[in-house]
Structures are given as C-alpha cells and as structure tokens.
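Here is the file coords-v5.txt (compact mmCIF, C-alpha atoms and all ligand atoms).
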```txt
# COMPACT_ATOMS: atom_id res chain seq x y z
CA MET A 1 12.99 -54.27 -44.72
CA ARG A 2 16.04 -52.04 -44.63
CA ALA A 3 15.00 -48.40 -44.54
CA SER A 4 16.82 -47.66 -47.79
CA ALA A 5 14.89 -50.39 -49.55
CA TYR A 6 11.63 -48.45 -49.43
CA PRO A 7 10.57 -47.41 -52.93
CA LEU A 8 10.81 -43.71 -53.74
CA VAL A 9 7.17 -42.66 -54.14
CA GLU A 10 5.92 -39.64 -56.12
CA VAL A 11 4.67 -36.82 -53.88
CA ALA A 12 1.13 -36.98 -55.26
CA ALA A 13 0.97 -40.76 -54.87
CA ALA A 14 2.26 -40.55 -51.29
CA ALA A 15 -0.24 -37.82 -50.44
CA GLU A 16 -3.04 -39.94 -51.87
CA LEU A 17 -1.90 -42.99 -49.89
CA VAL A 18 -2.01 -40.91 -46.72
CA LEU A 19 -5.47 -39.51 -47.38
CA ASP A 20 -6.87 -42.91 -48.38
CA ARG A 21 -5.90 -44.23 -44.96
CA THR A 22 -7.11 -41.17 -43.06
CA PRO A 23 -10.52 -41.50 -41.39
CA ILE A 24 -13.04 -38.73 -40.88
CA LEU A 25 -13.61 -38.51 -37.14
CA GLY A 26 -17.00 -38.74 -35.46
CA VAL A 27 -19.45 -35.97 -34.69
CA GLU A 28 -20.11 -34.28 -31.37
CA ARG A 29 -22.59 -31.53 -30.49
CA VAL A 30 -20.85 -28.66 -28.75
CA ALA A 31 -21.99 -25.36 -27.30
CA LEU A 32 -21.49 -22.35 -29.59
CA ALA A 33 -18.62 -21.09 -27.44
CA HIS A 34 -16.76 -24.34 -28.12
CA SER A 35 -17.68 -24.50 -31.79
CA ILE A 36 -15.45 -21.62 -32.84
CA GLY A 37 -12.75 -22.82 -35.25
CA ARG A 38 -14.32 -26.27 -35.50
CA VAL A 39 -15.71 -27.84 -38.67
CA LEU A 40 -19.46 -28.10 -39.14
CA ALA A 41 -20.48 -31.75 -39.56
CA GLU A 42 -23.99 -31.30 -41.02
CA ASP A 43 -25.61 -28.70 -43.25
CA LEU A 44 -27.40 -26.06 -41.22
CA VAL A 45 -30.93 -25.36 -42.50
CA ALA A 46 -32.86 -22.32 -41.34
CA PRO A 47 -35.80 -23.46 -39.17
CA ALA A 48 -37.44 -20.04 -39.55
CA SER A 49 -37.16 -16.96 -41.74
CA LEU A 50 -35.06 -13.95 -40.81
CA PRO A 51 -36.24 -11.45 -39.98
CA ALA A 52 -39.25 -13.24 -38.56
CA PHE A 53 -41.40 -10.07 -38.66
CA PRO A 54 -41.40 -6.86 -40.76
CA SER A 55 -38.66 -4.92 -38.99
CA SER A 56 -38.00 -1.20 -39.30
CA ALA A 57 -34.60 -0.28 -40.76
CA VAL A 58 -34.68 3.29 -39.43
CA ASP A 59 -36.14 5.56 -36.75
CA GLY A 60 -39.28 7.30 -38.05
CA TYR A 61 -43.00 6.76 -38.59
CA ALA A 62 -44.90 3.70 -39.74
CA VAL A 63 -47.62 4.80 -42.17
CA ARG A 64 -49.77 3.74 -45.12
CA SER A 65 -48.03 4.86 -48.32
CA ALA A 66 -51.39 6.01 -49.71
CA ASP A 67 -51.40 8.69 -46.95
CA ALA A 68 -48.32 10.37 -48.53
CA GLY A 69 -48.29 14.16 -48.13
CA LYS A 70 -50.95 14.23 -45.37
CA PRO A 71 -50.89 15.16 -41.70
CA LEU A 72 -51.36 11.93 -39.71
CA ARG A 73 -52.42 11.34 -36.12
CA VAL A 74 -49.76 9.53 -34.09
CA LEU A 75 -51.31 6.60 -32.24
CA GLY A 76 -48.33 5.35 -30.29
CA GLU A 77 -44.91 3.80 -30.66
CA SER A 78 -43.33 0.54 -31.88
CA ALA A 79 -39.87 0.18 -30.37
CA ALA A 80 -37.45 -2.78 -30.68
CA GLY A 81 -38.90 -5.56 -28.55
CA ARG A 82 -42.02 -3.47 -27.72
CA PRO A 83 -44.46 -3.83 -30.62
CA PHE A 84 -47.49 -1.57 -31.09
CA SER A 85 -50.58 -3.72 -30.72
CA GLY A 86 -53.10 -1.59 -32.66
CA THR A 87 -53.70 -1.17 -36.38
CA ILE A 88 -52.75 1.78 -38.58
CA GLU A 89 -55.94 3.05 -40.18
CA TRP A 90 -56.27 5.79 -42.82
CA GLY A 91 -54.88 9.06 -41.54
CA THR A 92 -52.87 7.57 -38.66
CA ALA A 93 -49.26 6.62 -37.96
CA THR A 94 -47.05 5.32 -35.14
CA ARG A 95 -43.59 6.32 -34.15
CA ILE A 96 -41.27 3.42 -34.96
CA LEU A 97 -37.69 2.78 -33.91
CA THR A 98 -35.03 0.69 -35.66
CA GLY A 99 -35.85 -3.00 -35.13
CA GLY A 100 -39.46 -2.24 -34.18
CA VAL A 101 -42.26 -4.36 -35.69
CA LEU A 102 -44.12 -2.64 -38.56
CA PRO A 103 -47.67 -2.43 -37.17
CA ASP A 104 -50.60 -4.04 -38.98
CA GLY A 105 -52.04 -1.73 -41.62
CA ALA A 106 -48.78 0.16 -42.26
CA ASP A 107 -46.86 -0.61 -45.45
CA CYS A 108 -43.85 1.69 -45.17
CA VAL A 109 -41.67 3.67 -42.78
CA VAL A 110 -40.78 7.34 -43.22
CA MET A 111 -37.45 8.46 -41.76
CA VAL A 112 -37.77 10.90 -38.89
CA GLU A 113 -35.57 13.34 -40.85
CA ASP A 114 -38.24 13.52 -43.59
CA VAL A 115 -41.30 14.41 -41.50
CA GLU A 116 -42.59 17.49 -39.76
CA GLU A 117 -43.77 16.84 -36.19
CA GLN A 118 -46.62 19.06 -34.92
CA GLY A 119 -47.89 18.01 -31.46
CA ASP A 120 -49.62 14.65 -31.90
CA LEU A 121 -49.66 15.10 -35.69
CA VAL A 122 -46.94 14.26 -38.13
CA ILE A 123 -46.81 15.51 -41.73
CA VAL A 124 -45.29 12.96 -44.09
CA PRO A 125 -43.83 13.82 -47.50
CA ALA A 126 -45.45 13.01 -50.83
CA GLY A 127 -44.30 10.08 -52.99
CA LEU A 128 -44.11 7.22 -50.46
CA ARG A 129 -43.61 3.68 -51.75
CA PRO A 130 -44.89 0.50 -50.07
CA GLY A 131 -42.01 -1.52 -48.63
CA GLN A 132 -39.85 1.55 -47.92
CA ASN A 133 -37.41 1.46 -44.98
CA PHE A 134 -38.28 -1.87 -43.43
CA HIS A 135 -36.98 -5.44 -43.84
CA ALA A 136 -39.74 -7.80 -44.97
CA PRO A 137 -39.99 -11.20 -43.22
CA GLY A 138 -37.54 -13.61 -44.88
CA ALA A 139 -35.64 -10.78 -46.60
CA ASP A 140 -32.34 -11.94 -45.05
CA LEU A 141 -33.02 -15.66 -45.34
CA ARG A 142 -36.00 -17.95 -45.74
CA ALA A 143 -37.12 -20.91 -43.63
CA GLY A 144 -35.76 -24.12 -45.21
CA GLU A 145 -32.80 -22.36 -46.84
CA ARG A 146 -29.39 -24.05 -46.42
CA VAL A 147 -27.43 -21.49 -44.49
CA LEU A 148 -24.12 -23.28 -43.77
CA THR A 149 -22.62 -26.28 -45.53
CA ALA A 150 -20.99 -29.24 -43.80
CA GLY A 151 -17.19 -29.03 -44.03
CA LEU A 152 -17.03 -25.28 -43.34
CA GLN A 153 -14.92 -23.94 -40.51
CA LEU A 154 -16.99 -22.02 -37.99
CA GLY A 155 -15.82 -18.43 -37.69
CA ALA A 156 -17.45 -15.24 -36.50
CA THR A 157 -20.11 -15.02 -39.20
CA GLU A 158 -21.04 -18.70 -39.07
CA VAL A 159 -21.38 -18.74 -35.29
CA GLY A 160 -23.41 -15.52 -35.49
CA LEU A 161 -25.76 -17.05 -38.06
CA ALA A 162 -26.21 -20.18 -35.99
CA ALA A 163 -27.10 -18.08 -32.94
CA ALA A 164 -29.48 -15.88 -34.95
CA LEU A 165 -31.31 -19.02 -36.06
CA GLY A 166 -31.59 -20.27 -32.50
CA PHE A 167 -28.99 -23.06 -32.37
CA PRO A 168 -27.25 -23.08 -28.96
CA ARG A 169 -25.17 -26.15 -29.99
CA LEU A 170 -23.68 -27.25 -33.29
CA PRO A 171 -22.61 -30.62 -34.70
CA VAL A 172 -18.86 -30.59 -35.32
CA HIS A 173 -16.25 -33.25 -36.01
CA ARG A 174 -14.04 -34.40 -33.20
CA ARG A 175 -10.56 -32.87 -33.19
CA PRO A 176 -7.74 -35.34 -33.82
CA ARG A 177 -5.67 -36.21 -30.76
CA VAL A 178 -2.03 -36.12 -31.73
CA ALA A 179 1.06 -37.26 -29.81
CA LEU A 180 4.15 -35.28 -30.74
CA MET A 181 7.66 -36.51 -30.10
CA SER A 182 11.17 -35.52 -31.11
CA THR A 183 13.79 -38.23 -31.44
CA GLY A 184 17.54 -37.91 -31.24
CA ASP A 185 20.33 -38.28 -28.71
CA GLU A 186 21.71 -34.90 -29.76
CA LEU A 187 18.61 -32.99 -28.62
CA VAL A 188 18.27 -30.88 -25.49
CA GLU A 189 15.25 -29.00 -24.18
CA VAL A 190 14.95 -25.36 -25.12
CA GLY A 191 16.36 -23.19 -22.33
CA LYS A 192 19.17 -25.66 -21.60
CA LYS A 193 22.63 -24.85 -22.89
CA PRO A 194 23.58 -27.40 -25.55
CA GLY A 195 26.89 -29.18 -24.87
CA ARG A 196 29.33 -30.01 -27.65
CA GLY A 197 27.49 -31.84 -30.44
CA GLN A 198 24.10 -31.12 -28.96
CA ILE A 199 21.34 -28.99 -30.45
CA VAL A 200 18.16 -27.53 -29.07
CA ASP A 201 14.97 -29.43 -29.93
CA SER A 202 13.20 -26.85 -32.08
CA ASN A 203 11.08 -29.17 -34.23
CA ARG A 204 8.77 -30.00 -31.37
CA TRP A 205 7.84 -26.35 -30.97
CA ALA A 206 7.50 -25.68 -34.67
CA LEU A 207 5.35 -28.78 -35.09
CA LEU A 208 3.32 -27.97 -31.98
CA ALA A 209 2.47 -24.61 -33.56
CA ALA A 210 1.66 -26.21 -36.92
CA LEU A 211 -0.52 -28.85 -35.25
CA ARG A 212 -2.40 -26.33 -33.16
CA GLU A 213 -2.92 -24.09 -36.15
CA VAL A 214 -4.58 -26.94 -38.03
CA GLY A 215 -6.87 -27.72 -35.08
CA ALA A 216 -5.25 -30.79 -33.45
CA ASP A 217 -5.44 -31.57 -29.75
CA VAL A 218 -1.73 -32.11 -29.06
CA ARG A 219 0.05 -34.08 -26.35
CA GLY A 220 3.71 -33.19 -26.20
CA LEU A 221 5.81 -36.26 -25.40
CA GLY A 222 9.20 -34.64 -25.18
CA ILE A 223 12.42 -36.05 -26.57
CA ALA A 224 12.90 -39.78 -27.18
CA PRO A 225 16.43 -41.17 -27.20
CA ASP A 226 17.95 -43.11 -30.11
CA GLU A 227 17.50 -46.29 -28.12
CA PRO A 228 15.10 -48.91 -29.56
CA GLU A 229 13.42 -50.17 -26.39
CA ALA A 230 12.89 -46.75 -24.81
CA LEU A 231 11.54 -45.39 -28.10
CA ARG A 232 9.20 -48.37 -28.52
CA GLN A 233 7.80 -47.96 -25.03
CA LEU A 234 7.15 -44.25 -25.51
CA VAL A 235 5.45 -44.82 -28.86
CA VAL A 236 3.33 -47.75 -27.69
CA ASP A 237 2.14 -45.83 -24.62
CA ALA A 238 1.40 -42.74 -26.71
CA LEU A 239 -0.63 -44.63 -29.29
CA ARG A 240 -3.06 -45.86 -26.65
CA GLU A 241 -4.38 -42.36 -26.12
CA VAL A 242 -4.25 -40.68 -29.51
CA ASP A 243 -5.43 -40.95 -33.11
CA VAL A 244 -2.16 -39.83 -34.64
CA LEU A 245 1.54 -39.97 -33.80
CA VAL A 246 3.90 -37.37 -35.21
CA THR A 247 7.63 -37.83 -34.68
CA SER A 248 10.59 -35.91 -36.02
CA GLY A 249 14.03 -37.32 -36.70
CA GLY A 250 15.23 -40.89 -36.92
CA VAL A 251 13.84 -41.73 -40.36
CA SER A 252 17.01 -41.60 -42.48
CA VAL A 253 19.14 -44.65 -43.11
CA GLY A 254 21.73 -44.19 -40.37
CA THR A 255 22.20 -46.91 -37.78
CA HIS A 256 20.65 -44.61 -35.18
CA ASP A 257 17.53 -44.06 -37.23
CA LEU A 258 15.03 -46.23 -35.46
CA VAL A 259 11.61 -44.87 -36.34
CA LYS A 260 11.03 -46.78 -39.59
CA PRO A 261 11.90 -50.22 -38.17
CA LEU A 262 9.80 -49.47 -35.09
CA LEU A 263 6.73 -48.49 -37.14
CA GLU A 264 7.31 -51.52 -39.37
CA SER A 265 7.23 -53.77 -36.31
CA LEU A 266 4.07 -52.16 -34.91
CA GLY A 267 2.05 -51.84 -38.12
CA THR A 268 2.42 -51.21 -41.84
CA VAL A 269 4.72 -48.65 -43.43
CA HIS A 270 2.92 -47.37 -46.54
CA VAL A 271 5.39 -44.66 -47.48
CA GLY A 272 9.08 -44.88 -46.57
CA ARG A 273 10.68 -42.45 -49.02
CA VAL A 274 9.28 -39.70 -51.25
CA LYS A 275 10.56 -37.92 -54.34
CA LEU A 276 10.42 -34.70 -52.40
CA LYS A 277 13.02 -32.11 -51.50
CA PRO A 278 13.18 -31.32 -48.68
CA GLY A 279 11.72 -34.42 -47.01
CA LYS A 280 12.84 -37.54 -48.85
CA PRO A 281 12.80 -39.80 -45.73
CA PHE A 282 9.15 -38.93 -44.89
CA THR A 283 7.46 -42.01 -43.48
CA PHE A 284 3.80 -42.85 -43.12
CA ALA A 285 2.48 -45.93 -41.33
CA THR A 286 -0.77 -47.23 -39.94
CA ILE A 287 -0.89 -49.15 -36.72
CA PRO A 288 -3.82 -51.37 -35.74
CA ALA A 289 -5.60 -50.29 -32.60
CA PRO A 290 -5.24 -52.67 -29.66
CA ALA A 291 -7.96 -55.34 -29.89
CA SER A 292 -11.14 -54.29 -28.10
CA PRO A 293 -12.65 -56.72 -25.55
CA HIS A 294 -16.12 -55.60 -26.75
CA PRO A 295 -17.77 -57.03 -29.88
CA GLY A 296 -19.10 -54.78 -32.62
CA PRO A 297 -17.54 -51.85 -34.47
CA PRO A 298 -14.47 -50.22 -32.90
CA PRO A 299 -15.33 -47.29 -30.62
CA GLU A 300 -14.26 -43.77 -31.58
CA GLY A 301 -10.50 -43.65 -31.33
CA GLY A 302 -10.34 -47.46 -31.29
CA ARG A 303 -9.62 -47.67 -34.98
CA GLU A 304 -6.36 -47.80 -36.88
CA LYS A 305 -3.86 -45.15 -35.78
CA LEU A 306 -1.85 -43.00 -38.17
CA ALA A 307 1.88 -42.47 -37.67
CA PHE A 308 3.89 -39.78 -39.44
CA GLY A 309 7.66 -40.05 -39.17
CA LEU A 310 8.90 -36.64 -40.24
CA PRO A 311 12.55 -36.05 -41.10
CA GLY A 312 14.74 -34.32 -38.53
CA PHE A 313 15.93 -31.32 -40.49
CA PRO A 314 13.71 -28.43 -39.45
CA VAL A 315 12.61 -27.37 -42.92
CA SER A 316 12.05 -30.99 -43.98
CA SER A 317 9.82 -31.60 -40.99
CA LEU A 318 7.68 -28.52 -41.64
CA VAL A 319 7.46 -29.01 -45.42
CA THR A 320 6.42 -32.65 -45.05
CA PHE A 321 3.93 -31.52 -42.41
CA GLU A 322 2.48 -29.08 -44.96
CA VAL A 323 2.33 -31.59 -47.79
CA PHE A 324 1.15 -34.72 -45.95
CA VAL A 325 0.11 -34.14 -42.35
CA ARG A 326 -1.91 -30.96 -42.62
CA PRO A 327 -4.33 -32.27 -45.29
CA ALA A 328 -4.77 -35.50 -43.31
CA LEU A 329 -5.60 -33.66 -40.09
CA ARG A 330 -8.05 -31.49 -42.01
CA LYS A 331 -9.70 -34.57 -43.46
CA MET A 332 -10.08 -36.04 -39.95
CA GLN A 333 -11.90 -32.90 -38.86
CA GLY A 334 -14.25 -33.01 -41.85
CA PHE A 335 -12.90 -29.97 -43.69
CA ALA A 336 -14.33 -29.78 -47.23
CA GLN A 337 -11.13 -28.06 -48.37
CA LEU A 338 -8.03 -30.10 -47.52
CA GLN A 339 -5.34 -28.26 -49.46
CA ARG A 340 -3.87 -24.79 -49.28
CA PRO A 341 -5.25 -22.44 -51.89
CA THR A 342 -3.09 -21.82 -54.96
CA LEU A 343 -2.56 -18.66 -57.00
CA PRO A 344 -0.61 -17.91 -60.17
CA VAL A 345 2.64 -16.09 -59.41
CA ARG A 346 5.50 -14.90 -61.62
CA LEU A 347 8.97 -16.13 -60.66
CA ALA A 348 11.46 -13.33 -60.11
CA TYR A 349 14.37 -15.79 -59.97
CA ASP A 350 15.71 -18.77 -61.94
CA ALA A 351 14.50 -21.82 -60.01
CA ARG A 352 16.94 -24.69 -60.35
CA ALA A 353 15.50 -28.20 -60.28
CA THR A 354 16.70 -31.28 -58.40
CA ALA A 355 17.38 -34.24 -60.71
CA ASP A 356 15.25 -36.91 -59.04
CA ARG A 357 12.83 -35.12 -56.75
CA THR A 358 10.13 -32.45 -56.84
CA GLU A 359 11.47 -29.50 -54.94
CA TYR A 360 9.20 -27.34 -52.80
CA GLN A 361 10.96 -23.98 -52.82
CA ARG A 362 10.07 -21.32 -50.31
CA VAL A 363 9.29 -17.85 -51.64
CA THR A 364 8.05 -14.48 -50.52
CA LEU A 365 5.40 -12.73 -52.61
CA ARG A 366 4.94 -9.10 -53.52
CA ARG A 367 2.37 -7.28 -55.63
CA GLU A 368 3.51 -5.77 -58.91
CA GLY A 369 0.50 -4.19 -60.62
CA GLN A 370 -2.02 -6.99 -61.13
CA GLU A 371 0.53 -9.75 -60.53
CA LEU A 372 2.03 -11.58 -57.59
CA VAL A 373 5.77 -11.89 -57.94
CA ALA A 374 7.74 -14.64 -56.15
CA GLU A 375 11.23 -14.10 -54.79
CA THR A 376 13.33 -16.90 -53.29
CA THR A 377 13.93 -16.84 -49.53
CA GLY A 378 17.62 -17.59 -50.22
CA SER A 379 19.51 -20.80 -49.50
CA GLN A 380 17.02 -23.66 -49.57
CA SER A 381 19.05 -25.89 -47.27
CA SER A 382 16.78 -28.21 -45.28
CA SER A 383 18.50 -27.19 -42.06
CA ARG A 384 17.95 -23.47 -42.68
CA LEU A 385 14.69 -22.58 -40.97
CA MET A 386 15.19 -19.03 -42.22
CA SER A 387 14.19 -20.30 -45.68
CA LEU A 388 10.66 -20.77 -44.29
CA ALA A 389 10.59 -17.75 -42.03
CA GLY A 390 8.30 -15.18 -43.60
CA ALA A 391 7.70 -17.38 -46.66
CA HIS A 392 4.34 -16.66 -48.29
CA ALA A 393 4.22 -19.66 -50.57
CA LEU A 394 5.74 -22.92 -51.74
CA ILE A 395 6.61 -23.35 -55.40
CA ARG A 396 6.80 -26.86 -56.87
CA ILE A 397 9.75 -27.36 -59.15
CA PRO A 398 9.42 -30.64 -61.10
CA PRO A 399 12.45 -32.97 -61.15
CA GLY A 400 14.89 -32.85 -64.06
CA ASP A 401 17.65 -30.57 -65.29
CA GLN A 402 15.39 -27.84 -66.66
CA GLY A 403 14.26 -25.83 -63.68
CA ILE A 404 11.92 -22.88 -64.22
CA LYS A 405 13.18 -19.62 -65.68
CA ALA A 406 12.58 -16.21 -64.12
CA GLY A 407 9.50 -14.58 -65.65
CA THR A 408 7.53 -17.83 -65.86
CA THR A 409 4.11 -17.89 -64.20
CA VAL A 410 3.54 -20.89 -61.95
CA GLU A 411 0.83 -21.98 -59.52
CA ALA A 412 1.98 -21.37 -55.92
CA MET A 413 0.74 -23.04 -52.73
CA ILE A 414 -0.21 -20.05 -50.60
CA LEU A 415 0.79 -20.19 -46.92
CA ALA A 416 0.05 -16.53 -46.17
CA LEU A 417 -0.62 -13.52 -48.35
CA PRO A 418 1.72 -10.54 -48.18
P1 LIG B 1 17.69 -37.25 -38.33
O1 LIG B 1 16.53 -37.26 -39.29
O2 LIG B 1 17.36 -37.81 -37.01
O3 LIG B 1 18.89 -37.87 -38.95
O4 LIG B 1 18.04 -35.73 -38.08
C1 LIG B 1 18.65 -34.97 -39.07
C2 LIG B 1 19.11 -33.65 -38.50
O5 LIG B 1 18.00 -32.87 -38.17
C3 LIG B 1 19.88 -33.77 -37.19
O6 LIG B 1 21.23 -33.93 -37.42
C4 LIG B 1 19.61 -32.43 -36.54
O7 LIG B 1 20.54 -31.48 -37.04
C5 LIG B 1 18.26 -32.07 -37.04
N1 LIG B 1 17.23 -32.34 -36.05
C6 LIG B 1 16.73 -33.55 -35.71
N2 LIG B 1 15.78 -33.44 -34.79
C7 LIG B 1 15.66 -32.13 -34.51
C8 LIG B 1 14.85 -31.37 -33.64
N3 LIG B 1 13.94 -31.95 -32.88
N4 LIG B 1 14.99 -30.03 -33.62
C9 LIG B 1 15.89 -29.44 -34.42
N5 LIG B 1 16.68 -30.10 -35.28
C10 LIG B 1 16.59 -31.42 -35.33
MG MG B 2 18.37 -38.46 -35.37
```

Starting from the file, lay out its structure as structure tokens.
Amino acid sequence: MRASAYPLVEVAAAAELVLDRTPILGVERVALAHSIGRVLAEDLVAPASLPAFPSSAVDGYAVRSADAGKPLRVLGESAAGRPFSGTIEWGTATRILTGGVLPDGADCVVMVEDVEEQGDLVIVPAGLRPGQNFHAPGADLRAGERVLTAGLQLGATEVGLAAALGFPRLPVHRRPRVALMSTGDELVEVGKKPGRGQIVDSNRWALLAALREVGADVRGLGIAPDEPEALRQLVVDALREVDVLVTSGGVSVGTHDLVKPLLESLGTVHVGRVKLKPGKPFTFATIPAPASPHPGPPPEGGREKLAFGLPGFPVSSLVTFEVFVRPALRKMQGFAQLQRPTLPVRLAYDARATADRTEYQRVTLRREGQELVAETTGSQSSSRLMSLAGAHALIRIPPGDQGIKAGTTVEAMILALP
C-alpha cells in the first residue's frame, strides 16, 4: 500500500485502535524501594488494624476518667515501645508518652500540661471523658479494609501505608521496554556541529524524557539512516528485546519516508494517517513476536509488539506521543487512569480551526478569579517546539471553518497546572 493510500482516521478512533491492541503487562513483586512510581497490580487489604493497640496521642497520664479531679498515685510509665505491664486501679495512674500503649484499666489520657505533679502523686482535672487523647485500635484503619486500589501509582503515601501494614514487597505491573530511534539522513547527534542541510536530532531527547516520565524502560537506538536495509536491520534487532518501538521521522509520503512500508512488511499497520494537526502521518502497527520454540502461551514479552511511527516535526512527535503513546504505555503498566485530566478553561484568543483535522493547540493557563484562562503559545507551527515549551494544556479545536471564539469555555487536556 502506498503511504498516502492509508485512510484518514478520526483521532478518537485511532486512539481506540491503539488501546485495543495494547496489552496489560504481567505482574512482578518488588521490594518497596523499587515500587516507588510503579502501578499497584492488586488491591491492598489491611491484614491488621491500625493502630493495633490503644496508642497515646500526647505526653501525660493514663487514668480512669471516673477518677477526674482526684490526686492519683503514679505506678510507673508507658513509653513508646515500652508498655506498662500492670493495671490501672481506682486512684492510680501511669505516666504515658506519645505512642505508648494505654495500660489496662485506663480509659483516657490527661495531657501533662493539665495536671499538677506532687512527688509520686498527680492531681488530674475534673471533667475527664473516656477515650480522650488516645487513638483506639482500628481508628486509622480496620483489618480487612481495602487500603489501596489496583491501578494506583505508588507514591509517598501509598508506600508509607504499605510499610505500616507490614508489606515489604508489592505486586506491580512490569514496566514496558521501549526502543527509541530517530530516522533521517539530515540528523546529527547533539553536540556535533550540523553541516549545511543538517539538523540536530532533538526528538530522541524529547521523546526519551516523555517516555521516562510515563514510566517506560527505554533503550536509545540512536539515529537510523533513510536507507531501507539498514533501517530494517535496526528495527528487527530492536524488536527482539522490547515490547514497543517508537520511531520519529520517515512517516510522510516522501520517497525517503521508509517507516510505513517497513512496518507494513513486518506486521500490520492499523493507523497510517490521522485527522490530527499536528501529527497527520502518525502510524501505529503491530508486529508478531518471533515464533517461540516452546509450546503453550507466549512468555512475557513474547507477544505481539507495538510500533509507533511518530512524525518528524518536533511538535508533531510530542503531540502524537501525548495523544496515542502515553495512554498506551499507561495501559501496559496497569494504570486505572490512562488519560490526562481535563478542566474547563476560558479561551482568551480566537482559535482558528483547520478544515479537515482536529487541531490540538498549545496554551498557557492563568487564574482569573475562579476561572482558568487559556492563552495561545503563539505560532502553532509543527516545527516550532517553543509552541509546547511552558504549555499547560492542549485545546482540541474541531475541524471546520468555525473555530472557537475568545470567551468560550472549553475542556482542556491538562499537561501541567500553572
Ligand atoms: P520527516 O517526518 O522524516 O519527513 O521529518 C519532517 C521534519 O521533521 C524534518 O524535515 C526535520 O526538520 C524534522 N525532524 C525529523 N526528525 C527529527 C529529529 N529527530 N529531531 C528534530 N527534528 C526532526
Ligand atoms: Mg525524514
């Protein structure tokens, strides 16, 4: 099929095609230190209540509330990790420190600031209530309670909770292995001085950052030339070791654009053109894994591979990454939430539409009273990376000749909040 013969697919349909073909990767149990930033693969249920014992919230005295207003004999001390083993009878108390176990017989704690200490006696104020100043067992969470839900990313709080409940390892989804390659004879490595007609390969670095940010395990494969056999060899070798291939460049209809025909020859191209600006030549293919010599289901990583051929223009490559690749890589890792969050924003500029394609315009946001107001980042040329620099959101402008007038409130895809 000639590249130009690929049907122009709606953005939503293309995104759905991609996700339909995207597998959720297997589960591995990793130590807490390695679980940070990963996605929990199973619900986490509390095996025990927290706190496990009645735990003092303050420094003071553990007493019976019915002894309010009386001088009490101090029997000893209950410090954190050093419980008092006796029982509080009528007319007695123990010193208690924050985190100490409330001794048997006591039903409240009086803050040290509220008592009068006289030798081995302590005078407690009137009007004590049972349950004062300590955390009852299960007050924070109860045994059997679902504490974390599968599909959540593990951050500070989640890892802390897991540790508090006694889990040294957590089940998480495997991270996708991604091979990243730039294509184009005009490209030179960053740090080298480009000759006439050459440009520095910047997409590989931008995409490396985007891939890392979304949690991929990336292998950088450098720059592939616009030469069919060399490109094929690089791609075939790369696919052996990864779940996903991401390339940039070489997907337009020029005679040097070799990625589509290559993917077509290796597997199936599901999306060859999208009604998207920037990013019309976006290409998505699946490639069968090399046949396994072993019978039975394919091993992890031995399944169909995904290939994303991103357009060469820097903004096109990053916008198509946002729209198609990022949700797919999140799905692979088991994220419950695949898409960026959206918020209503008021346009501060007249957004012109493109006749035949949905345009994803880059905007900055600012607060005005209760509202978020969107301002264009300037020229939306697909070569102008500055249109994405500092952008807080993407605004979808439907195709047609209408556009969207300044003052209209639209739903924005949030990349970062101001
Ligand atoms: P292509 O999709 O290969 O036709 O590339 C379109 C344009 O994108 C090229 O003319 C370059 O200006 C630019 N481009 C392609 N690859 C890269 C890259 N890796 N880094 C920066 N710009 C690129
Ligand atoms: Mg090229």

Separation of atom CA of Pro171 of chain A from atom CA of Val30 of chain A in Å: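 Atom-to-atom, atom CA of Val30 of chain A to atom CA of Pro171 of chain A, that is 6.5 Å.
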
Spatial neighbours of Glu264 of chain A, 10 Å, all atoms listed in the file, chain gap at least 2 places, as a ChimeraX atom specification: /A:1,3,259-262,266-270,272,285-287

List every residue of chain A that has an atom at most 6 Å from any atom of ligand LIG 1 (chain B), giving for each one its closest atom pair and the distance in Å to one decimal, counting only C-alpha atoms and all ligand atoms, sorted by chain and then by ascending residue number, as a Markdown table.
```
| residue | atom | partner | partner_atom | distance |
| --- | --- | --- | --- | --- |
| A:Ser182 | CA | B:LIG1 | N3 | 4.9 |
| A:Gly184 | CA | B:LIG1 | O2 | 5.8 |
| A:Asp201 | CA | B:LIG1 | N4 | 3.7 |
| A:Ser202 | CA | B:LIG1 | N4 | 4.0 |
| A:Asn203 | CA | B:LIG1 | N4 | 4.0 |
| A:Arg204 | CA | B:LIG1 | N3 | 5.7 |
| A:Ser248 | CA | B:LIG1 | N2 | 5.9 |
| A:Gly249 | CA | B:LIG1 | O2 | 3.4 |
| A:Gly250 | CA | B:LIG1 | O2 | 3.7 |
| A:Val251 | CA | B:LIG1 | O1 | 5.3 |
| A:Ser252 | CA | B:LIG1 | O1 | 5.4 |
| A:Pro311 | CA | B:LIG1 | O1 | 4.5 |
| A:Gly312 | CA | B:LIG1 | O1 | 3.5 |
| A:Phe313 | CA | B:LIG1 | O5 | 3.5 |
| A:Pro314 | CA | B:LIG1 | N5 | 5.4 |
```

Who sits within 6 Å of segment 172-179 of chain A, all atoms listed in the file, same chain under 5 positions skipped, as a PyMOL selection string: chain A and resi 25-28+39-41+216-219+242-245+333

Who sits within 9 Å of Glu116 of chain A, all atoms listed in the file, same chain under 6 positions skipped, as a ChimeraX atom specification: /A:71,122-125

Counting only C-alpha atoms, the residue of A:Glu117, A:Glu371, A:Glu89, A:Glu145 that sits nearest Val45 of chain A: A:Glu145

Selection: 12 Å around Ala210 of chain A, only C-alpha atoms, excl. self and same-chain fewer than 2 positions, as a PyMOL selection string: chain A and resi 178+180+203-208+212-218+246+317-322+325-327+329+415

Contact residues around Tyr61 of chain A with all atoms listed in the file at 8 Å, ignoring same-chain residues under 3 positions, as a PyMOL selection string: chain A and resi 93-96+109-112

Residue among A:Leu221, A:Glu113, A:Val101, A:Leu161 lying closest to Gln233 of chain A, counting all atoms listed in the file: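 Ranked by minimum distance to Gln233 of chain A, first place goes to A:Leu221.
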
Which residue of A:Leu72, A:Leu258, A:Cys108, A:Val363 approaches ligand MG 2 (chain B) most closely, using all atoms listed in the file: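 Answer, going by the shortest atom-to-atom distance: A:Leu258.
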
For Lys305 of chain A, the nearest of the candidates A:Leu343, A:Val18, A:Leu50, A:Ala164, counting all atoms listed in the file: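 Smallest distance to Lys305 of chain A is found for A:Val18.
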
Straight-line distance linking atom CA of Leu372 of chain A with atom CA of Val323 of chain A, stated in Å to one decimal: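 Atom CA of Val323 of chain A lies at a distance of 22.3 Å from atom CA of Leu372 of chain A.
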
Best match for closeness to Gly37 of chain A among A:Asp257, A:Asp237, A:Asp356, A:Glu158, counting all atoms listed in the file: A:Glu158

From A:Val9, A:Ala31, A:Leu234, A:Val74, residue lying nearest Val159 of chain A [all atoms listed in the file]: A:Ala31

One-decimal distance in Å that lies between atom CA of Pro288 of chain A and atom CA of Val235 of chain A: 13.3 Å

Neighbours of point (2.2, -22.7, -49.8) within 12 Å, using only C-alpha atoms, written as number ranges by chain: A: 318-323, 326, 339-345, 360-365, 374, 388, 390-396, 411-417
